[in-house]
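Note sheet for the following structure.
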Amino acid sequence: MTTRTIPTEFARTRRTRGSAAMRALVRETRLDPAQFIYPLFVTHGRGVREPISSMPGQARISVDLLAAEARELRSLGIRAVLLFGIPEAKDAVGSEGYAVDGIVQQATRALKDADPELLVVGDVCLCEYTDHGHCGLLTPRGEVENDASLELLARAAVSLADAGADLIAPSDMMDGRVGAIRQALDDAGHLALPIMAYSAKYASAFYGPFREAADSTPAFGDRRGYQMDPANSREALREVAADIAEQADIVMVKPALAYLDVIRAVREATTLPVAAYNVSGEYAMVKAAAAQGWLDERAIVLETLTSIRRAGADIVITYHAKEAARWLSE
Ligand code: PBG
């Protein structure tokens, strides 16, 4: 009788790494552009395509260019967009965020006209619309007023729903906003409209380029009073549980790459779909290194998007969506 020196498990593992077909057969995680959400920054004006310097390849675009954008996304198999707006004017209460003819409301209508099947996700937050750049209202002493902010966030959600948004995504991190938005949507007759909650949103330096893009850097202070401490992961599960109790339909972890462990923990804690936001700073780092020739952009992007899916995200919000879709189809 011969004695086995190589454990069976080990030998089997090696055989499944043989040909491309064998690797494809046993692959655990696949990337599908239908699971990407592509963020878009919309701005006032006509024929505007204003590049965002810290996010090469991304631009602030005007509403009249959105139909062409929708066609391109469809041809790439990307079926969802997440809208952010750059308002005409900012004020203390973020009025354009919930105006009937606000920039995102206009963009939503234009996109749904251009392609009714495109899923339009409306980001709900005040920071793009307030002159102080915070995600909620401020007290005279400059503190964020959680409860008073809820009413305005709910108004923003309803106005986006009225404009035709398919999914409402509150990114403000005020306590109780998912419940307040759900109630307001129901009262306005949008009973079937789902909510994707930015549940575990960390106070992260990776949002830097986004704040340039949306001109939403807080005028003073930071967002640590309402966004999460990067040191905490159990707290993420409490935030997720609270949002689920308030009837979130999809929960999100943001950013993605420095928080893959949190994505995994959230995946294991809920049966709801989990989204992960591969944010602006993560994108900018890859673009910068690729421009220097220091990284192979295609390989890096597909590897990182795969790792976000492998960690447990069903949905990936990413600025790389178009390029990744192109590479995946090759
Ligand atoms: C608004 C919001 C932010 C992002 C999405 N929604 C910025 C922030 O919280 O400061 C960041 C997205 C990115 O960095 O790509 N609250």
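How things are named: the first chain in the structure tokens is A, the next is B, and so on; residues count from 1 in each chain; ligands count from 1 in the order shown.
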
- Query: What residues have any atom no more than 9 Å from ligand 1 when counting only C-alpha atoms and all ligand atoms, and can you list them as a PyMOL selection string?
  - Reply: chain A and resi 39+84+123-128+133-135+170-173+198+201-211+214+216-218+222-223+227+254-255+277-283+317-319

- Nearby residues (only C-alpha atoms) at most 12 Å from A:Ala114, same-chain spacing under 3 positions excluded, as a list in words: Val63, Asp64, Leu65, Leu66, Ala67, Ala68, Glu69, Ala70, Arg71, Glu72, Leu73, Arg74, Ala107, Thr108, Arg109, Ala110, Leu111, Glu117, Leu118, Leu119 and Val120 of chain A

Residues from last step as file, all heavy atoms, as a short mmCIF file (atom, residue, chain, number, x, y, z; two decimals), in the first residue's frame:
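Result written to selection_7.cif:
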data_model
loop_
_atom_site.label_atom_id
_atom_site.label_comp_id
_atom_site.auth_asym_id
_atom_site.auth_seq_id
_atom_site.Cartn_x
_atom_site.Cartn_y
_atom_site.Cartn_z
N VAL A 63 -28.02 68.79 -18.31
CA VAL A 63 -29.17 67.91 -18.52
C VAL A 63 -29.35 67.53 -19.99
O VAL A 63 -29.71 66.38 -20.30
CB VAL A 63 -30.45 68.58 -17.95
CG1 VAL A 63 -31.70 67.80 -18.31
CG2 VAL A 63 -30.32 68.73 -16.43
N ASP A 64 -29.06 68.48 -20.91
CA ASP A 64 -29.28 68.19 -22.33
C ASP A 64 -28.33 67.10 -22.86
O ASP A 64 -28.58 66.55 -23.93
CB ASP A 64 -29.12 69.47 -23.17
CG ASP A 64 -27.77 70.13 -22.96
OD1 ASP A 64 -27.34 70.28 -21.80
OD2 ASP A 64 -27.12 70.47 -23.96
N LEU A 65 -27.27 66.79 -22.13
CA LEU A 65 -26.34 65.75 -22.60
C LEU A 65 -26.65 64.37 -22.01
O LEU A 65 -25.97 63.39 -22.30
CB LEU A 65 -24.89 66.13 -22.24
CG LEU A 65 -24.38 67.48 -22.81
CD1 LEU A 65 -22.91 67.68 -22.48
CD2 LEU A 65 -24.59 67.54 -24.32
N LEU A 66 -27.71 64.32 -21.19
CA LEU A 66 -27.98 63.06 -20.48
C LEU A 66 -28.55 61.96 -21.38
O LEU A 66 -28.32 60.77 -21.13
CB LEU A 66 -28.92 63.30 -19.30
CG LEU A 66 -28.29 64.09 -18.13
CD1 LEU A 66 -29.34 64.36 -17.06
CD2 LEU A 66 -27.11 63.33 -17.53
N ALA A 67 -29.27 62.35 -22.44
CA ALA A 67 -29.84 61.32 -23.32
C ALA A 67 -28.71 60.53 -23.98
O ALA A 67 -28.77 59.29 -24.07
CB ALA A 67 -30.75 61.95 -24.36
N ALA A 68 -27.66 61.23 -24.40
CA ALA A 68 -26.52 60.56 -25.02
C ALA A 68 -25.81 59.66 -23.99
O ALA A 68 -25.37 58.56 -24.30
CB ALA A 68 -25.54 61.59 -25.58
N GLU A 69 -25.75 60.18 -22.77
CA GLU A 69 -25.14 59.41 -21.67
C GLU A 69 -25.93 58.10 -21.46
O GLU A 69 -25.35 57.02 -21.31
CB GLU A 69 -25.20 60.28 -20.41
CG GLU A 69 -24.32 59.85 -19.29
CD GLU A 69 -22.84 60.05 -19.54
OE1 GLU A 69 -22.45 61.00 -20.25
OE2 GLU A 69 -22.06 59.24 -19.01
N ALA A 70 -27.25 58.22 -21.46
CA ALA A 70 -28.11 57.04 -21.25
C ALA A 70 -27.88 56.00 -22.36
O ALA A 70 -27.83 54.80 -22.10
CB ALA A 70 -29.58 57.46 -21.19
N ARG A 71 -27.74 56.49 -23.60
CA ARG A 71 -27.50 55.56 -24.72
C ARG A 71 -26.18 54.83 -24.55
O ARG A 71 -26.09 53.62 -24.76
CB ARG A 71 -27.46 56.33 -26.06
CG ARG A 71 -28.84 56.55 -26.66
CD ARG A 71 -28.75 57.01 -28.12
NE ARG A 71 -28.07 58.28 -28.29
CZ ARG A 71 -28.64 59.48 -28.09
NH1 ARG A 71 -29.90 59.56 -27.72
NH2 ARG A 71 -27.95 60.59 -28.28
N GLU A 72 -25.15 55.57 -24.15
CA GLU A 72 -23.84 54.94 -23.96
C GLU A 72 -23.89 53.88 -22.86
O GLU A 72 -23.38 52.77 -23.01
CB GLU A 72 -22.79 56.01 -23.62
CG GLU A 72 -21.38 55.44 -23.56
CD GLU A 72 -20.34 56.41 -23.00
OE1 GLU A 72 -20.72 57.51 -22.53
OE2 GLU A 72 -19.15 56.05 -23.03
N LEU A 73 -24.56 54.22 -21.75
CA LEU A 73 -24.64 53.28 -20.64
C LEU A 73 -25.38 52.01 -21.06
O LEU A 73 -24.96 50.90 -20.76
CB LEU A 73 -25.33 53.94 -19.44
CG LEU A 73 -24.51 55.05 -18.77
CD1 LEU A 73 -25.36 55.86 -17.80
CD2 LEU A 73 -23.30 54.47 -18.04
N ARG A 74 -26.46 52.20 -21.79
CA ARG A 74 -27.23 51.03 -22.24
C ARG A 74 -26.38 50.14 -23.14
O ARG A 74 -26.40 48.91 -23.01
CB ARG A 74 -28.48 51.49 -22.99
CG ARG A 74 -29.26 50.32 -23.57
CD ARG A 74 -30.57 50.77 -24.15
NE ARG A 74 -31.59 50.80 -23.12
CZ ARG A 74 -32.63 49.95 -23.09
NH1 ARG A 74 -32.78 49.04 -24.02
NH2 ARG A 74 -33.53 50.03 -22.14
N ALA A 107 -32.81 66.30 -14.13
CA ALA A 107 -32.00 65.22 -14.71
C ALA A 107 -32.75 63.89 -14.67
O ALA A 107 -32.70 63.10 -15.62
CB ALA A 107 -30.68 65.10 -13.93
N THR A 108 -33.48 63.67 -13.58
CA THR A 108 -34.25 62.43 -13.45
C THR A 108 -35.28 62.34 -14.57
O THR A 108 -35.40 61.31 -15.26
CB THR A 108 -34.95 62.38 -12.07
OG1 THR A 108 -33.94 62.47 -11.06
CG2 THR A 108 -35.75 61.10 -11.89
N ARG A 109 -36.00 63.45 -14.78
CA ARG A 109 -37.01 63.44 -15.84
C ARG A 109 -36.37 63.22 -17.21
O ARG A 109 -36.87 62.43 -18.02
CB ARG A 109 -37.79 64.76 -15.84
CG ARG A 109 -38.86 64.79 -14.76
CD ARG A 109 -39.72 66.07 -14.87
NE ARG A 109 -39.85 66.63 -13.54
CZ ARG A 109 -39.26 67.73 -13.10
NH1 ARG A 109 -38.51 68.46 -13.91
NH2 ARG A 109 -39.43 68.12 -11.86
N ALA A 110 -35.25 63.88 -17.46
CA ALA A 110 -34.59 63.75 -18.76
C ALA A 110 -34.12 62.31 -18.99
O ALA A 110 -34.28 61.77 -20.10
CB ALA A 110 -33.40 64.72 -18.84
N LEU A 111 -33.57 61.70 -17.97
CA LEU A 111 -33.08 60.33 -18.14
C LEU A 111 -34.23 59.35 -18.33
O LEU A 111 -34.15 58.43 -19.16
CB LEU A 111 -32.22 59.92 -16.92
CG LEU A 111 -30.82 60.52 -16.90
CD1 LEU A 111 -30.19 60.38 -15.52
CD2 LEU A 111 -29.92 59.88 -17.97
N GLU A 117 -36.25 52.48 -19.09
CA GLU A 117 -35.77 51.29 -18.38
C GLU A 117 -34.52 51.53 -17.55
O GLU A 117 -34.10 50.68 -16.77
CB GLU A 117 -35.53 50.14 -19.36
CG GLU A 117 -36.84 49.49 -19.77
CD GLU A 117 -36.67 48.57 -20.95
OE1 GLU A 117 -35.62 47.90 -21.03
OE2 GLU A 117 -37.58 48.55 -21.79
N LEU A 118 -33.89 52.68 -17.76
CA LEU A 118 -32.71 53.01 -16.96
C LEU A 118 -33.15 53.24 -15.52
O LEU A 118 -34.12 53.97 -15.27
CB LEU A 118 -32.03 54.27 -17.51
CG LEU A 118 -30.77 54.72 -16.78
CD1 LEU A 118 -29.59 53.80 -17.10
CD2 LEU A 118 -30.41 56.16 -17.15
N LEU A 119 -32.47 52.61 -14.58
CA LEU A 119 -32.81 52.78 -13.16
C LEU A 119 -32.15 54.05 -12.66
O LEU A 119 -30.92 54.15 -12.65
CB LEU A 119 -32.27 51.56 -12.40
CG LEU A 119 -32.88 51.33 -11.04
CD1 LEU A 119 -34.12 50.46 -11.19
CD2 LEU A 119 -31.87 50.63 -10.16
N VAL A 120 -32.96 55.00 -12.23
CA VAL A 120 -32.41 56.26 -11.74
C VAL A 120 -32.45 56.26 -10.21
O VAL A 120 -33.51 56.13 -9.61
CB VAL A 120 -33.18 57.46 -12.31
CG1 VAL A 120 -32.69 58.76 -11.68
CG2 VAL A 120 -33.02 57.52 -13.83
#

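Proximity of A:Arg60, A:Asn146, A:Thr130, A:Ile250 to A:Val48, computed with only C-alpha atoms, is greatest for A:Arg60.
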
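Listed by chain and then by rising number, the residues of stretch 41-145 of chain A that DSSP assigns to strand (DSSP E) from the backbone are Phe41, Val42, Thr43, Arg49, Glu50, Pro51, Ala59, Arg60, Ile61, Ser62, Ala80, Val81, Leu82, Leu83, Phe84, Gly85, Ile86, Leu119, Val120, Val121, Gly122, Asp123, Val124, Leu137, Leu138, Val144 and Glu145 of chain A.
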
- Any chance you could list, as a ChimeraX atom specification, the residues in stretch 29-277 of chain A that come up alpha helix (DSSP H) when DSSP is run on the backbone? /A:66-76,103-114,146-163,177-187,208-214,234-245,260-269

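You can rank A:Leu160, A:Ala269, A:Glu88, A:Thr306 by their closest distance to A:Arg238 using only C-alpha atoms, and at the top of that list sits A:Ala269.
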
- One-decimal distance in Å that lies between atom CA of A:Val104 and atom CA of A:Asp314: 25.6 Å

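Among the candidate residues A:Asp243, A:Pro33, A:Glu303, A:Ile308, the one lying nearest to A:Leu76 is A:Pro33, with distances computed using only C-alpha atoms.
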
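With only C-alpha atoms as the atoms that count, the residue of A:Ser329, A:Thr29, A:Ser159, A:Ser307 with the shortest distance to A:Ser95 is A:Ser159.
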
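Relative to atom CA of A:Phe41, atom CA of A:Ser54 is found at 13.7 Å.
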
- Fewer than 5 positions away in the same chain doesn't count, so skip those; otherwise give me all residues within 12 Å of A:Asp249, counting only C-alpha atoms, as a list of chain:residue names. A:Leu167, A:Ile168, A:Ala169, A:Pro170, A:Val178, A:Gly179, A:Arg182, A:Ala192, A:Leu193, A:Pro194, A:Ile195, A:Met196, A:Ala197, A:Tyr198, A:Ser199, A:Val240, A:Ala241, A:Asp243, A:Ile244, A:Thr270, A:Thr271, A:Leu272, A:Pro273, A:Val274, A:Ala275

- Task: Give me, please, the distance in Å between atom CA of A:Pro116 and atom CA of A:Gly94, quoted to one decimal.
- Result: 28.5 Å

- Excluding same-chain residues fewer than 3 positions from A:Ala99, what lies within 12 Å of it counting only C-alpha atoms, as a ChimeraX atom specification? /A:85,87-89,93-96,102-106,129,152-153,155-160,162-163
